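As provided, query33.tsv (TSV, N, CA and C atoms) reads as follows.
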```
chain	number	residue	atom	x	y	z
A	1	GLN	N	4.88	108.34	-140.70
A	1	GLN	CA	4.01	107.21	-140.96
A	1	GLN	C	3.20	107.47	-142.23
A	2	VAL	N	3.12	106.46	-143.08
A	2	VAL	CA	2.35	106.55	-144.33
A	2	VAL	C	1.20	105.57	-144.25
A	3	GLN	N	0.02	106.03	-144.53
A	3	GLN	CA	-1.16	105.17	-144.55
A	3	GLN	C	-1.42	104.72	-145.99
A	4	LEU	N	-1.60	103.43	-146.17
A	4	LEU	CA	-1.94	102.85	-147.47
A	4	LEU	C	-3.27	102.13	-147.35
A	5	VAL	N	-4.20	102.45	-148.23
A	5	VAL	CA	-5.53	101.85	-148.18
A	5	VAL	C	-5.80	101.14	-149.50
A	6	GLU	N	-5.97	99.82	-149.41
A	6	GLU	CA	-6.24	99.00	-150.60
A	6	GLU	C	-7.74	98.82	-150.78
A	7	SER	N	-8.14	98.60	-152.02
A	7	SER	CA	-9.52	98.26	-152.33
A	7	SER	C	-9.56	97.47	-153.62
A	8	GLY	N	-10.68	96.78	-153.86
A	8	GLY	CA	-10.87	96.12	-155.13
A	8	GLY	C	-10.80	94.60	-155.10
A	9	GLY	N	-10.48	94.02	-153.97
A	9	GLY	CA	-10.44	92.57	-153.91
A	9	GLY	C	-11.82	91.97	-153.94
A	10	GLY	N	-11.88	90.66	-154.05
A	10	GLY	CA	-13.17	89.98	-154.06
A	10	GLY	C	-13.07	88.62	-154.69
A	11	LEU	N	-14.24	88.08	-155.00
A	11	LEU	CA	-14.35	86.75	-155.60
A	11	LEU	C	-14.56	86.89	-157.11
A	12	VAL	N	-13.80	86.13	-157.87
A	12	VAL	CA	-13.92	86.17	-159.32
A	12	VAL	C	-13.72	84.76	-159.86
A	13	GLN	N	-14.36	84.47	-160.97
A	13	GLN	CA	-14.21	83.16	-161.59
A	13	GLN	C	-12.89	83.08	-162.35
A	14	PRO	N	-12.38	81.88	-162.52
A	14	PRO	CA	-11.16	81.72	-163.34
A	14	PRO	C	-11.36	82.33	-164.72
A	15	GLY	N	-10.32	83.05	-165.19
A	15	GLY	CA	-10.41	83.75	-166.45
A	15	GLY	C	-10.93	85.16	-166.34
A	16	GLY	N	-11.43	85.52	-165.18
A	16	GLY	CA	-12.00	86.84	-164.97
A	16	GLY	C	-10.95	87.89	-164.65
A	17	SER	N	-11.44	89.08	-164.34
A	17	SER	CA	-10.57	90.22	-164.09
A	17	SER	C	-10.97	90.93	-162.80
A	18	LEU	N	-9.99	91.56	-162.18
A	18	LEU	CA	-10.20	92.44	-161.04
A	18	LEU	C	-9.21	93.58	-161.13
A	19	ARG	N	-9.57	94.71	-160.54
A	19	ARG	CA	-8.65	95.84	-160.47
A	19	ARG	C	-8.48	96.25	-159.01
A	20	LEU	N	-7.25	96.19	-158.54
A	20	LEU	CA	-6.95	96.62	-157.19
A	20	LEU	C	-6.45	98.07	-157.21
A	21	SER	N	-6.78	98.78	-156.15
A	21	SER	CA	-6.31	100.15	-156.00
A	21	SER	C	-5.65	100.31	-154.64
A	22	CYS	N	-4.67	101.18	-154.58
A	22	CYS	CA	-4.02	101.49	-153.31
A	22	CYS	C	-3.77	102.99	-153.28
A	23	ALA	N	-4.30	103.63	-152.26
A	23	ALA	CA	-4.15	105.06	-152.11
A	23	ALA	C	-3.27	105.37	-150.91
A	24	ALA	N	-2.22	106.13	-151.13
A	24	ALA	CA	-1.36	106.61	-150.05
A	24	ALA	C	-1.87	107.98	-149.59
A	25	ASP	N	-1.50	108.32	-148.38
A	25	ASP	CA	-1.98	109.59	-147.83
A	25	ASP	C	-1.05	110.76	-148.20
A	26	ARG	N	-0.29	110.57	-149.27
A	26	ARG	CA	0.58	111.62	-149.77
A	26	ARG	C	0.81	111.42	-151.25
A	27	GLY	N	1.37	112.44	-151.90
A	27	GLY	CA	1.56	112.34	-153.33
A	27	GLY	C	2.86	111.67	-153.71
A	28	TRP	N	3.03	111.49	-155.02
A	28	TRP	CA	4.20	110.80	-155.54
A	28	TRP	C	5.50	111.58	-155.34
A	29	PHE	N	5.43	112.85	-154.98
A	29	PHE	CA	6.65	113.64	-154.82
A	29	PHE	C	7.56	113.07	-153.75
A	30	SER	N	6.97	112.35	-152.77
A	30	SER	CA	7.77	111.79	-151.68
A	30	SER	C	7.86	110.27	-151.72
A	31	ILE	N	7.26	109.65	-152.76
A	31	ILE	CA	7.24	108.19	-152.87
A	31	ILE	C	8.27	107.74	-153.89
A	32	ASN	N	9.12	106.80	-153.51
A	32	ASN	CA	10.11	106.26	-154.44
A	32	ASN	C	9.49	105.22	-155.37
A	33	TYR	N	8.75	104.32	-154.78
A	33	TYR	CA	8.01	103.34	-155.57
A	33	TYR	C	6.84	102.81	-154.78
A	34	MET	N	5.89	102.24	-155.47
A	34	MET	CA	4.76	101.51	-154.88
A	34	MET	C	4.63	100.19	-155.61
A	35	GLY	N	4.12	99.22	-154.89
A	35	GLY	CA	3.99	97.92	-155.52
A	35	GLY	C	2.97	97.06	-154.82
A	36	TRP	N	2.81	95.88	-155.37
A	36	TRP	CA	1.89	94.89	-154.83
A	36	TRP	C	2.63	93.60	-154.53
A	37	TYR	N	2.36	93.05	-153.38
A	37	TYR	CA	2.84	91.73	-152.98
A	37	TYR	C	1.61	90.87	-152.71
A	38	ARG	N	1.83	89.56	-152.66
A	38	ARG	CA	0.74	88.67	-152.28
A	38	ARG	C	1.25	87.57	-151.37
A	39	GLN	N	0.33	87.03	-150.60
A	39	GLN	CA	0.71	85.99	-149.64
A	39	GLN	C	-0.43	85.01	-149.47
A	40	THR	N	-0.07	83.72	-149.44
A	40	THR	CA	-1.02	82.67	-149.13
A	40	THR	C	-0.57	81.99	-147.84
A	41	PRO	N	-1.49	81.31	-147.15
A	41	PRO	CA	-1.14	80.69	-145.86
A	41	PRO	C	0.06	79.75	-145.99
A	42	GLY	N	1.01	79.91	-145.10
A	42	GLY	CA	2.17	79.04	-145.06
A	42	GLY	C	3.27	79.40	-146.04
A	43	LYS	N	3.05	80.47	-146.81
A	43	LYS	CA	4.06	80.87	-147.78
A	43	LYS	C	4.54	82.29	-147.49
A	44	GLN	N	5.73	82.59	-147.99
A	44	GLN	CA	6.27	83.94	-147.81
A	44	GLN	C	5.56	84.92	-148.74
A	45	ARG	N	5.53	86.15	-148.30
A	45	ARG	CA	4.99	87.21	-149.14
A	45	ARG	C	5.90	87.37	-150.36
A	46	GLU	N	5.27	87.49	-151.55
A	46	GLU	CA	6.06	87.58	-152.77
A	46	GLU	C	5.67	88.80	-153.58
A	47	LEU	N	6.66	89.36	-154.26
A	47	LEU	CA	6.43	90.53	-155.10
A	47	LEU	C	5.61	90.14	-156.32
A	48	VAL	N	4.61	90.96	-156.61
A	48	VAL	CA	3.79	90.76	-157.81
A	48	VAL	C	4.21	91.77	-158.89
A	49	ALA	N	4.22	93.04	-158.52
A	49	ALA	CA	4.56	94.10	-159.48
A	49	ALA	C	4.95	95.35	-158.71
A	50	ARG	N	5.73	96.20	-159.37
A	50	ARG	CA	6.20	97.42	-158.73
A	50	ARG	C	6.32	98.51	-159.79
A	51	ILE	N	6.07	99.74	-159.39
A	51	ILE	CA	6.24	100.87	-160.29
A	51	ILE	C	6.94	101.99	-159.53
A	52	THR	N	7.90	102.62	-160.19
A	52	THR	CA	8.65	103.70	-159.55
A	52	THR	C	8.09	105.06	-159.93
A	53	ARG	N	8.59	106.07	-159.27
A	53	ARG	CA	8.18	107.45	-159.57
A	53	ARG	C	8.54	107.83	-161.00
A	54	SER	N	9.55	107.19	-161.55
A	54	SER	CA	9.93	107.46	-162.93
A	54	SER	C	9.27	106.50	-163.91
A	55	ASP	N	8.26	105.76	-163.43
A	55	ASP	CA	7.44	104.87	-164.26
A	55	ASP	C	8.18	103.62	-164.74
A	56	TYR	N	9.24	103.26	-164.04
A	56	TYR	CA	9.85	101.97	-164.34
A	56	TYR	C	8.99	100.89	-163.68
A	57	VAL	N	8.61	99.88	-164.44
A	57	VAL	CA	7.76	98.82	-163.92
A	57	VAL	C	8.50	97.49	-163.95
A	58	SER	N	8.16	96.65	-163.00
A	58	SER	CA	8.70	95.30	-162.99
A	58	SER	C	7.61	94.34	-162.52
A	59	TYR	N	7.67	93.11	-163.02
A	59	TYR	CA	6.65	92.11	-162.74
A	59	TYR	C	7.30	90.79	-162.36
A	60	ALA	N	6.60	90.06	-161.51
A	60	ALA	CA	6.99	88.67	-161.29
A	60	ALA	C	6.68	87.88	-162.55
A	61	ASP	N	7.48	86.85	-162.81
A	61	ASP	CA	7.28	86.06	-164.01
A	61	ASP	C	5.88	85.45	-164.08
A	62	PHE	N	5.32	85.10	-162.93
A	62	PHE	CA	4.04	84.39	-162.94
A	62	PHE	C	2.85	85.30	-163.28
A	63	VAL	N	3.07	86.62	-163.42
A	63	VAL	CA	1.97	87.50	-163.79
A	63	VAL	C	2.22	88.25	-165.10
A	64	LYS	N	3.39	88.07	-165.68
A	64	LYS	CA	3.71	88.79	-166.92
A	64	LYS	C	2.71	88.45	-168.01
A	65	GLY	N	2.21	89.50	-168.65
A	65	GLY	CA	1.23	89.31	-169.72
A	65	GLY	C	-0.20	89.25	-169.23
A	66	ARG	N	-0.40	89.14	-167.92
A	66	ARG	CA	-1.76	89.06	-167.37
A	66	ARG	C	-2.09	90.27	-166.47
A	67	PHE	N	-1.12	90.74	-165.71
A	67	PHE	CA	-1.34	91.84	-164.78
A	67	PHE	C	-0.64	93.09	-165.30
A	68	THR	N	-1.22	94.24	-165.00
A	68	THR	CA	-0.62	95.52	-165.37
A	68	THR	C	-0.68	96.47	-164.18
A	69	ILE	N	0.46	97.02	-163.83
A	69	ILE	CA	0.52	98.00	-162.75
A	69	ILE	C	0.59	99.39	-163.38
A	70	SER	N	-0.10	100.33	-162.75
A	70	SER	CA	-0.08	101.70	-163.23
A	70	SER	C	-0.25	102.63	-162.04
A	71	ARG	N	-0.07	103.90	-162.28
A	71	ARG	CA	-0.19	104.86	-161.18
A	71	ARG	C	-0.87	106.13	-161.66
A	72	ASP	N	-1.46	106.82	-160.72
A	72	ASP	CA	-1.97	108.16	-160.97
A	72	ASP	C	-0.91	109.12	-160.45
A	73	LYS	N	-0.21	109.80	-161.36
A	73	LYS	CA	0.92	110.62	-160.94
A	73	LYS	C	0.50	111.90	-160.24
A	74	PHE	N	-0.80	112.20	-160.27
A	74	PHE	CA	-1.28	113.38	-159.57
A	74	PHE	C	-1.77	113.05	-158.16
A	75	LYS	N	-1.87	111.75	-157.86
A	75	LYS	CA	-2.24	111.30	-156.52
A	75	LYS	C	-1.27	110.20	-156.13
A	76	GLY	N	-1.18	109.92	-154.86
A	76	GLY	CA	-0.34	108.80	-154.43
A	76	GLY	C	-1.06	107.49	-154.56
A	77	THR	N	-1.42	107.12	-155.78
A	77	THR	CA	-2.27	105.97	-156.02
A	77	THR	C	-1.63	105.04	-157.03
A	78	VAL	N	-1.78	103.74	-156.78
A	78	VAL	CA	-1.29	102.73	-157.70
A	78	VAL	C	-2.42	101.73	-157.94
A	79	TYR	N	-2.45	101.17	-159.14
A	79	TYR	CA	-3.48	100.21	-159.53
A	79	TYR	C	-2.82	98.92	-160.00
A	80	LEU	N	-3.56	97.84	-159.84
A	80	LEU	CA	-3.13	96.56	-160.40
A	80	LEU	C	-4.31	95.97	-161.15
A	81	GLN	N	-4.23	95.99	-162.46
A	81	GLN	CA	-5.24	95.37	-163.31
A	81	GLN	C	-4.87	93.91	-163.49
A	82	MET	N	-5.74	93.03	-163.05
A	82	MET	CA	-5.46	91.60	-163.09
A	82	MET	C	-6.43	90.94	-164.05
A	83	ASN	N	-5.91	90.38	-165.12
A	83	ASN	CA	-6.72	89.69	-166.13
A	83	ASN	C	-6.34	88.22	-166.18
A	84	SER	N	-7.19	87.44	-166.80
A	84	SER	CA	-6.95	86.00	-166.96
A	84	SER	C	-6.56	85.36	-165.63
A	85	LEU	N	-7.34	85.67	-164.62
A	85	LEU	CA	-7.02	85.18	-163.28
A	85	LEU	C	-7.14	83.67	-163.19
A	86	LYS	N	-6.25	83.10	-162.39
A	86	LYS	CA	-6.19	81.66	-162.19
A	86	LYS	C	-6.44	81.36	-160.71
A	87	PRO	N	-6.88	80.16	-160.39
A	87	PRO	CA	-7.07	79.81	-158.98
A	87	PRO	C	-5.81	80.03	-158.14
A	88	GLU	N	-4.65	79.81	-158.73
A	88	GLU	CA	-3.41	79.99	-157.99
A	88	GLU	C	-3.08	81.46	-157.72
A	89	ASP	N	-3.86	82.38	-158.28
A	89	ASP	CA	-3.69	83.79	-157.95
A	89	ASP	C	-4.41	84.15	-156.65
A	90	THR	N	-5.16	83.21	-156.11
A	90	THR	CA	-5.86	83.44	-154.85
A	90	THR	C	-4.85	83.74	-153.75
A	91	ALA	N	-5.03	84.88	-153.09
A	91	ALA	CA	-4.08	85.32	-152.06
A	91	ALA	C	-4.59	86.61	-151.44
A	92	VAL	N	-3.95	87.00	-150.36
A	92	VAL	CA	-4.13	88.35	-149.85
A	92	VAL	C	-3.09	89.23	-150.54
A	93	TYR	N	-3.55	90.29	-151.15
A	93	TYR	CA	-2.68	91.20	-151.88
A	93	TYR	C	-2.42	92.43	-151.02
A	94	TYR	N	-1.14	92.75	-150.87
A	94	TYR	CA	-0.72	93.87	-150.02
A	94	TYR	C	-0.08	94.96	-150.86
A	95	CYS	N	-0.45	96.17	-150.55
A	95	CYS	CA	0.19	97.33	-151.15
A	95	CYS	C	1.44	97.67	-150.34
A	96	ASN	N	2.47	98.08	-151.05
A	96	ASN	CA	3.74	98.42	-150.43
A	96	ASN	C	4.23	99.74	-151.00
A	97	ALA	N	4.85	100.54	-150.16
A	97	ALA	CA	5.40	101.80	-150.64
A	97	ALA	C	6.72	102.08	-149.94
A	98	GLU	N	7.67	102.57	-150.72
A	98	GLU	CA	8.92	103.06	-150.16
A	98	GLU	C	8.90	104.58	-150.28
A	99	VAL	N	9.18	105.22	-149.15
A	99	VAL	CA	9.08	106.68	-149.07
A	99	VAL	C	10.38	107.24	-148.54
A	100	GLY	N	10.80	108.34	-149.11
A	100	GLY	CA	11.88	109.13	-148.52
A	100	GLY	C	13.20	108.43	-148.36
A	101	SER	N	13.68	108.29	-147.14
A	101	SER	CA	15.10	108.10	-146.81
A	101	SER	C	15.78	106.76	-147.01
A	102	PRO	N	15.31	105.58	-147.16
A	102	PRO	CA	13.90	105.22	-147.36
A	102	PRO	C	13.26	104.55	-146.15
A	103	MET	N	11.99	104.59	-146.11
A	103	MET	CA	11.17	103.84	-145.17
A	103	MET	C	10.14	103.05	-145.96
A	104	ASN	N	9.83	101.89	-145.45
A	104	ASN	CA	8.93	100.97	-146.16
A	104	ASN	C	7.62	100.83	-145.39
A	105	TYR	N	6.50	100.85	-146.11
A	105	TYR	CA	5.18	100.77	-145.48
A	105	TYR	C	4.31	99.76	-146.19
A	106	TRP	N	3.34	99.22	-145.43
A	106	TRP	CA	2.43	98.21	-145.95
A	106	TRP	C	0.98	98.57	-145.67
A	107	GLY	N	0.11	98.19	-146.60
A	107	GLY	CA	-1.31	98.25	-146.34
A	107	GLY	C	-1.76	97.03	-145.57
A	108	LYS	N	-3.05	96.97	-145.24
A	108	LYS	CA	-3.58	95.87	-144.44
A	108	LYS	C	-3.90	94.66	-145.28
A	109	GLY	N	-3.97	94.83	-146.59
A	109	GLY	CA	-4.22	93.71	-147.48
A	109	GLY	C	-5.66	93.62	-147.94
A	110	THR	N	-5.85	93.05	-149.12
A	110	THR	CA	-7.17	92.81	-149.66
A	110	THR	C	-7.18	91.39	-150.26
A	111	LEU	N	-8.24	90.65	-149.95
A	111	LEU	CA	-8.30	89.25	-150.36
A	111	LEU	C	-8.83	89.12	-151.78
A	112	VAL	N	-8.11	88.37	-152.59
A	112	VAL	CA	-8.55	88.02	-153.94
A	112	VAL	C	-8.75	86.51	-153.97
A	113	THR	N	-9.96	86.10	-154.33
A	113	THR	CA	-10.28	84.68	-154.42
A	113	THR	C	-10.71	84.37	-155.84
A	114	VAL	N	-10.01	83.44	-156.46
A	114	VAL	CA	-10.34	83.02	-157.83
A	114	VAL	C	-10.88	81.60	-157.76
A	115	SER	N	-12.17	81.48	-157.99
A	115	SER	CA	-12.81	80.17	-157.82
A	115	SER	C	-14.11	80.14	-158.61
A	116	SER	N	-14.44	78.95	-159.08
A	116	SER	CA	-15.72	78.78	-159.77
A	116	SER	C	-16.79	78.31	-158.79
```
Show this structure as structure tokens.
Amino acid sequence: QVQLVESGGGLVQPGGSLRLSCAADRGWFSINYMGWYRQTPGKQRELVARITRSDYVSYADFVKGRFTISRDKFKGTVYLQMNSLKPEDTAVYYCNAEVGSPMNYWGKGTLVTVSS
């Protein structure tokens, strides 16, 4: 079992920025990739961004140029820097990690609200 703890959500005005963090209870040596998904009521969870142990990154089209995913390679931690936030970015953001053989794990989620 892998524990993922997210932090950094909150209320921000349109055009503002937030930084999400996700800490795993283990280091990157056993993690294949970590990423962020988001979900709004009535919609499926969707991939926002992902980063692999080899630093390959991928983004959903709707966040390209605005969000940046990064990792601390000395800790099992991933960050999502979100800039130029829009009301449609409002969602619960979930951290995801694939570990080992592989197994997939999720955090409990952190709410991001973009509103004036």
Given only C-alpha atoms as the basis, pick out the residue of A:Gln1, A:Asn104, A:Thr68, A:Asn96 nearest to Glu46 in chain A.
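Looking only at the distances to Glu46 in chain A, the closest residue turns out to be A:Asn96.
If only C-alpha atoms are the atoms counted, then among A:Leu85, A:Leu18, A:Ala24, A:Met103 the closest residue to Lys73 in chain A is A:Ala24.
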d(CA of Pro14 in chain A, CA of Val112 in chain A) in Å:
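Going from CA of Pro14 in chain A over to CA of Val112 in chain A covers 11.6 Å.
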Strand (DSSP E) call set, DSSP backbone run, range 35-93 of chain A, as an mmCIF file with N, CA and C atoms, in the frame of the given file:
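For reference, result04.cif as written:
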```cif
data_model
loop_
_atom_site.group_PDB
_atom_site.id
_atom_site.type_symbol
_atom_site.label_atom_id
_atom_site.label_comp_id
_atom_site.auth_asym_id
_atom_site.auth_seq_id
_atom_site.Cartn_x
_atom_site.Cartn_y
_atom_site.Cartn_z
ATOM 1 N N GLY A 35 4.120 99.220 -154.890
ATOM 2 C CA GLY A 35 3.990 97.920 -155.520
ATOM 3 C C GLY A 35 2.970 97.060 -154.820
ATOM 4 N N TRP A 36 2.810 95.880 -155.370
ATOM 5 C CA TRP A 36 1.890 94.890 -154.830
ATOM 6 C C TRP A 36 2.630 93.600 -154.530
ATOM 7 N N TYR A 37 2.360 93.050 -153.380
ATOM 8 C CA TYR A 37 2.840 91.730 -152.980
ATOM 9 C C TYR A 37 1.610 90.870 -152.710
ATOM 10 N N ARG A 38 1.830 89.560 -152.660
ATOM 11 C CA ARG A 38 0.740 88.670 -152.280
ATOM 12 C C ARG A 38 1.250 87.570 -151.370
ATOM 13 N N GLN A 39 0.330 87.030 -150.600
ATOM 14 C CA GLN A 39 0.710 85.990 -149.640
ATOM 15 C C GLN A 39 -0.430 85.010 -149.470
ATOM 16 N N GLU A 46 5.270 87.490 -151.550
ATOM 17 C CA GLU A 46 6.060 87.580 -152.770
ATOM 18 C C GLU A 46 5.670 88.800 -153.580
ATOM 19 N N LEU A 47 6.660 89.360 -154.260
ATOM 20 C CA LEU A 47 6.430 90.530 -155.100
ATOM 21 C C LEU A 47 5.610 90.140 -156.320
ATOM 22 N N VAL A 48 4.610 90.960 -156.610
ATOM 23 C CA VAL A 48 3.790 90.760 -157.810
ATOM 24 C C VAL A 48 4.210 91.770 -158.890
ATOM 25 N N ALA A 49 4.220 93.040 -158.520
ATOM 26 C CA ALA A 49 4.560 94.100 -159.480
ATOM 27 C C ALA A 49 4.950 95.350 -158.710
ATOM 28 N N ARG A 50 5.730 96.200 -159.370
ATOM 29 C CA ARG A 50 6.200 97.420 -158.730
ATOM 30 C C ARG A 50 6.320 98.510 -159.790
ATOM 31 N N ILE A 51 6.070 99.740 -159.390
ATOM 32 C CA ILE A 51 6.240 100.870 -160.290
ATOM 33 C C ILE A 51 6.940 101.990 -159.530
ATOM 34 N N THR A 52 7.900 102.620 -160.190
ATOM 35 C CA THR A 52 8.650 103.700 -159.550
ATOM 36 C C THR A 52 8.090 105.060 -159.930
ATOM 37 N N VAL A 57 8.610 99.880 -164.440
ATOM 38 C CA VAL A 57 7.760 98.820 -163.920
ATOM 39 C C VAL A 57 8.500 97.490 -163.950
ATOM 40 N N SER A 58 8.160 96.650 -163.000
ATOM 41 C CA SER A 58 8.700 95.300 -162.990
ATOM 42 C C SER A 58 7.610 94.340 -162.520
ATOM 43 N N TYR A 59 7.670 93.110 -163.020
ATOM 44 C CA TYR A 59 6.650 92.110 -162.740
ATOM 45 C C TYR A 59 7.300 90.790 -162.360
ATOM 46 N N PHE A 67 -1.120 90.740 -165.710
ATOM 47 C CA PHE A 67 -1.340 91.840 -164.780
ATOM 48 C C PHE A 67 -0.640 93.090 -165.300
ATOM 49 N N THR A 68 -1.220 94.240 -165.000
ATOM 50 C CA THR A 68 -0.620 95.520 -165.370
ATOM 51 C C THR A 68 -0.680 96.470 -164.180
ATOM 52 N N ILE A 69 0.460 97.020 -163.830
ATOM 53 C CA ILE A 69 0.520 98.000 -162.750
ATOM 54 C C ILE A 69 0.590 99.390 -163.380
ATOM 55 N N SER A 70 -0.100 100.330 -162.750
ATOM 56 C CA SER A 70 -0.080 101.700 -163.230
ATOM 57 C C SER A 70 -0.250 102.630 -162.040
ATOM 58 N N ARG A 71 -0.070 103.900 -162.280
ATOM 59 C CA ARG A 71 -0.190 104.860 -161.180
ATOM 60 C C ARG A 71 -0.870 106.130 -161.660
ATOM 61 N N ASP A 72 -1.460 106.820 -160.720
ATOM 62 C CA ASP A 72 -1.970 108.160 -160.970
ATOM 63 C C ASP A 72 -0.910 109.120 -160.450
ATOM 64 N N THR A 77 -1.420 107.120 -155.780
ATOM 65 C CA THR A 77 -2.270 105.970 -156.020
ATOM 66 C C THR A 77 -1.630 105.040 -157.030
ATOM 67 N N VAL A 78 -1.780 103.740 -156.780
ATOM 68 C CA VAL A 78 -1.290 102.730 -157.700
ATOM 69 C C VAL A 78 -2.420 101.730 -157.940
ATOM 70 N N TYR A 79 -2.450 101.170 -159.140
ATOM 71 C CA TYR A 79 -3.480 100.210 -159.530
ATOM 72 C C TYR A 79 -2.820 98.920 -160.000
ATOM 73 N N LEU A 80 -3.560 97.840 -159.840
ATOM 74 C CA LEU A 80 -3.130 96.560 -160.400
ATOM 75 C C LEU A 80 -4.310 95.970 -161.150
ATOM 76 N N GLN A 81 -4.230 95.990 -162.460
ATOM 77 C CA GLN A 81 -5.240 95.370 -163.310
ATOM 78 C C GLN A 81 -4.870 93.910 -163.490
ATOM 79 N N MET A 82 -5.740 93.030 -163.050
ATOM 80 C CA MET A 82 -5.460 91.600 -163.090
ATOM 81 C C MET A 82 -6.430 90.940 -164.050
ATOM 82 N N ALA A 91 -5.030 84.880 -153.090
ATOM 83 C CA ALA A 91 -4.080 85.320 -152.060
ATOM 84 C C ALA A 91 -4.590 86.610 -151.440
ATOM 85 N N VAL A 92 -3.950 87.000 -150.360
ATOM 86 C CA VAL A 92 -4.130 88.350 -149.850
ATOM 87 C C VAL A 92 -3.090 89.230 -150.540
ATOM 88 N N TYR A 93 -3.550 90.290 -151.150
ATOM 89 C CA TYR A 93 -2.680 91.200 -151.880
ATOM 90 C C TYR A 93 -2.420 92.430 -151.020
#
```
One decimal, Å: what's the distance from atom C of Thr52 in chain A over to CA of Thr90 in chain A, could you say?
26.2 Å
Which residue of A:Arg38, A:Arg50, A:Lys108, A:Arg66 approaches Val92 in chain A most closely, using only N, CA and C atoms
A:Arg38
Could you give me, as a list in words, the residues that have an atom at most 10 Å away from the point (7.1, 111.7, -164.7) in the coordinates of the file, using only C-alpha atoms?
Trp28, Thr52, Arg53, Ser54, Asp55, Lys73 and Phe74 of chain A
Counting only C-alpha atoms, find residues at most 6 Å from (2.4, 96.3, -159.0) (file frame) and give them as a list in words.
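Residues found, by chain and rising number: Gly35, Trp36, Val48, Ala49, Arg50, Ile69 and Leu80 of chain A.
Within 8 Å of Ser7 in chain A, once all atoms listed in the file are used and residues closer than 3 positions along the same chain are dropped, the contacting residues are Leu4, Gly10, Arg19, Leu20, Ser21, Cys22, Ala23, Gly109, Thr110 and Leu111 of chain A.
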I'd like to know which of A:Ser115, A:Ser58, A:Ser30, A:Gln44 is closest to Glu88 in chain A, using all atoms listed in the file.
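Smallest distance to Glu88 in chain A is found for A:Ser115.
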Length of the atom N of Val12 in chain A to atom C of Val114 in chain A vector [Å]
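Atom-to-atom, atom N of Val12 in chain A and atom C of Val114 in chain A are spaced 5.4 Å apart.
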Range 45-114 of chain A: residues DSSP assigns to helix (DSSP H, G or I), reported as a PDB file with N, CA and C atoms, in the coordinates of the input:
```
ATOM      1  N   ASP A  61       7.480  86.850-162.810  1.00  0.00           N
ATOM      2  CA  ASP A  61       7.280  86.060-164.010  1.00  0.00           C
ATOM      3  C   ASP A  61       5.880  85.450-164.080  1.00  0.00           C
ATOM      4  N   PHE A  62       5.320  85.100-162.930  1.00  0.00           N
ATOM      5  CA  PHE A  62       4.040  84.390-162.940  1.00  0.00           C
ATOM      6  C   PHE A  62       2.850  85.300-163.280  1.00  0.00           C
ATOM      7  N   VAL A  63       3.070  86.620-163.420  1.00  0.00           N
ATOM      8  CA  VAL A  63       1.970  87.500-163.790  1.00  0.00           C
ATOM      9  C   VAL A  63       2.220  88.250-165.100  1.00  0.00           C
ATOM     10  N   PRO A  87      -6.880  80.160-160.390  1.00  0.00           N
ATOM     11  CA  PRO A  87      -7.070  79.810-158.980  1.00  0.00           C
ATOM     12  C   PRO A  87      -5.810  80.030-158.140  1.00  0.00           C
ATOM     13  N   GLU A  88      -4.650  79.810-158.730  1.00  0.00           N
ATOM     14  CA  GLU A  88      -3.410  79.990-157.990  1.00  0.00           C
ATOM     15  C   GLU A  88      -3.080  81.460-157.720  1.00  0.00           C
ATOM     16  N   ASP A  89      -3.860  82.380-158.280  1.00  0.00           N
ATOM     17  CA  ASP A  89      -3.690  83.790-157.950  1.00  0.00           C
ATOM     18  C   ASP A  89      -4.410  84.150-156.650  1.00  0.00           C
TER      19      ASP A  89
END
```
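Of the residues under consideration (A:Ala97, A:Ser116, A:Val57, A:Ser84), A:Ala97 shows the shortest atom-to-atom contact distance to Tyr33 in chain A when counting all atoms listed in the file.
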